[in-house]
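Chemist: File name target_35.tsv; file contents TSV, C-alpha atoms; full text below.
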```tsv
chain	number	residue	atom	x	y	z
A	1092	MET	CA	1.88	-123.18	21.58
A	1093	ALA	CA	-0.27	-124.25	18.61
A	1094	LYS	CA	-2.65	-121.71	17.20
A	1095	SER	CA	-5.73	-122.10	14.97
A	1096	ARG	CA	-5.32	-120.48	11.55
A	1097	LEU	CA	-8.03	-119.81	8.95
A	1098	VAL	CA	-7.36	-120.00	5.21
A	1099	VAL	CA	-10.30	-119.36	2.88
A	1100	PHE	CA	-9.93	-120.09	-0.80
A	1101	ASP	CA	-11.74	-119.55	-4.08
A	1102	ASP	CA	-10.73	-122.40	-6.36
A	1103	GLY	CA	-12.30	-120.77	-9.42
A	1104	GLN	CA	-14.57	-123.77	-9.90
A	1105	GLY	CA	-18.33	-123.71	-10.14
A	1106	CYS	CA	-20.68	-121.76	-12.34
A	1107	PHE	CA	-20.83	-118.37	-10.64
A	1108	THR	CA	-20.05	-116.19	-13.66
A	1109	PRO	CA	-20.56	-113.24	-13.94
A	1110	LEU	CA	-20.67	-112.82	-10.14
A	1111	CYS	CA	-17.09	-114.00	-9.67
A	1112	ASP	CA	-15.61	-112.04	-12.54
A	1113	LEU	CA	-14.97	-109.06	-10.25
A	1114	ARG	CA	-14.53	-110.56	-6.77
A	1115	ALA	CA	-13.82	-113.87	-5.10
A	1116	ILE	CA	-16.71	-116.15	-4.21
A	1117	PHE	CA	-16.16	-115.59	-0.47
A	1118	ASP	CA	-16.58	-111.83	-1.02
A	1119	GLN	CA	-20.05	-112.24	-2.51
A	1120	ARG	CA	-22.69	-110.65	-0.32
A	1121	THR	CA	-25.85	-112.59	0.43
A	1122	ALA	CA	-28.20	-110.66	2.68
A	1123	ALA	CA	-26.22	-108.63	5.22
A	1124	CYS	CA	-22.92	-110.56	5.19
A	1125	THR	CA	-20.36	-112.03	2.82
A	1126	THR	CA	-19.50	-115.71	3.05
A	1127	LEU	CA	-16.13	-114.72	4.53
A	1128	GLU	CA	-17.80	-112.66	7.26
A	1129	ARG	CA	-20.09	-115.58	8.10
A	1130	LEU	CA	-17.18	-118.04	8.26
A	1131	GLU	CA	-15.22	-115.77	10.57
A	1132	ARG	CA	-18.22	-115.26	12.85
A	1133	VAL	CA	-19.20	-118.95	13.04
A	1134	LEU	CA	-15.63	-120.21	13.56
A	1135	GLY	CA	-14.53	-117.38	15.83
A	1136	LEU	CA	-11.38	-116.93	13.73
A	1137	HIS	CA	-10.09	-114.13	11.53
A	1138	ALA	CA	-8.92	-115.24	8.07
A	1139	GLU	CA	-5.15	-114.88	7.87
A	1140	VAL	CA	-4.79	-116.05	4.26
A	1141	LEU	CA	-7.10	-115.72	1.27
A	1142	VAL	CA	-6.40	-117.71	-1.88
A	1143	THR	CA	-7.94	-116.63	-5.17
A	1144	PRO	CA	-7.39	-117.12	-8.88
A	1145	GLU	CA	-4.52	-114.83	-9.90
A	1146	GLU	CA	-6.80	-112.48	-11.86
A	1147	LEU	CA	-8.68	-111.66	-8.61
A	1148	ALA	CA	-5.63	-111.37	-6.35
A	1149	GLU	CA	-5.14	-107.61	-6.66
A	1150	VAL	CA	-8.78	-106.71	-6.01
A	1151	THR	CA	-8.78	-109.13	-3.04
A	1152	ARG	CA	-5.65	-107.45	-1.63
A	1153	HIS	CA	-7.39	-104.08	-2.00
A	1154	ARG	CA	-10.55	-105.32	-0.22
A	1155	HIS	CA	-8.57	-107.05	2.56
A	1156	PRO	CA	-5.36	-105.06	3.18
A	1157	ASP	CA	-4.69	-106.78	6.54
A	1158	VAL	CA	-4.82	-110.34	5.11
A	1159	THR	CA	-2.17	-112.24	3.15
A	1160	VAL	CA	-3.38	-113.11	-0.36
A	1161	ASN	CA	-2.05	-116.10	-2.33
A	1162	ALA	CA	0.88	-116.74	0.03
A	1163	THR	CA	1.55	-118.47	3.35
A	1164	PRO	CA	3.04	-116.39	6.16
A	1165	ALA	CA	6.49	-117.62	7.19
A	1166	THR	CA	5.68	-117.09	10.87
A	1167	TRP	CA	3.33	-120.08	11.17
A	1168	ALA	CA	4.51	-122.89	13.43
A	1169	ALA	CA	4.59	-126.50	12.24
A	1170	ASP	CA	2.08	-127.56	14.91
A	1171	ASP	CA	-0.50	-124.82	14.14
A	1172	GLU	CA	-3.99	-126.06	13.34
A	1173	VAL	CA	-4.99	-124.81	9.87
A	1174	TRP	CA	-8.62	-124.58	8.78
A	1175	LEU	CA	-8.66	-124.65	4.97
A	1176	ILE	CA	-12.18	-123.78	3.81
A	1177	ASN	CA	-13.57	-123.45	0.30
A	1178	GLY	CA	-15.40	-120.12	-0.10
A	1179	ARG	CA	-18.29	-121.93	-1.82
A	1180	TRP	CA	-19.10	-123.97	1.29
A	1181	LEU	CA	-22.77	-123.71	2.23
A	1182	GLY	CA	-22.61	-125.38	5.65
A	1183	LEU	CA	-22.89	-122.11	7.58
A	1184	ALA	CA	-25.21	-121.42	10.48
```
Render the structure in this file as structure tokens.

Modeler:
Amino acid sequence: MAKSRLVVFDDGQGCFTPLCDLRAIFDQRTAACTTLERLERVLGLHAEVLVTPEELAEVTRHRHPDVTVNATPATWAADDEVWLINGRWLGLA
């Protein structure tokens, strides 16, 4: 049976320095939540993969020990629905 999967990525683009020098854009906190927390809440999905520039991969792994960082799990089925969302997206409720 197909399953919905959530992948959130930081493409390293945009002018968010120095904010993104120490953590991915989706880990930036605005008000009470991070962008990642908002995405998960609005979509009703838990991020299974986070993609970051390599220099932020280790800190992202530390902040999210239960999530795969910069890799795709081999257990995904070919018919799974994958939501690939840029962490800079502002279309959140």

Chemist: For a cutoff of 6 Å around the file-coordinate point (-4.4, -125.7, 15.2), which residues qualify once you count only C-alpha atoms? I'd like the result as a ChimeraX atom specification.

Modeler: /A:1093-1095,1171-1173

Chemist: Measuring atom to atom with all atoms listed in the file, identify which of A:Gly1103, A:Cys1111, A:Asn1161, A:Phe1117 is nearest to Glu1131 in chain A.

Modeler: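 Ranked by minimum distance to Glu1131 in chain A, first place goes to A:Phe1117.
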
Chemist: Which residue out of A:Arg1114, A:Arg1096, A:Arg1154, A:Arg1129 has the minimum interatomic distance to Leu1181 in chain A when all atoms listed in the file are used?

Modeler: A:Arg1129

Chemist: Quick one: of A:Ala1165, A:Cys1124, A:Val1150, A:Leu1130, who's nearest to Asp1112 in chain A, counting only C-alpha atoms?

Modeler: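 With only C-alpha atoms as the atom set, the closest residue is A:Val1150.
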
Chemist: How far is it from CA of Leu1175 in chain A to CA of Leu1113 in chain A, in Å with one decimal?

Modeler: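 A separation of 22.7 Å between them.
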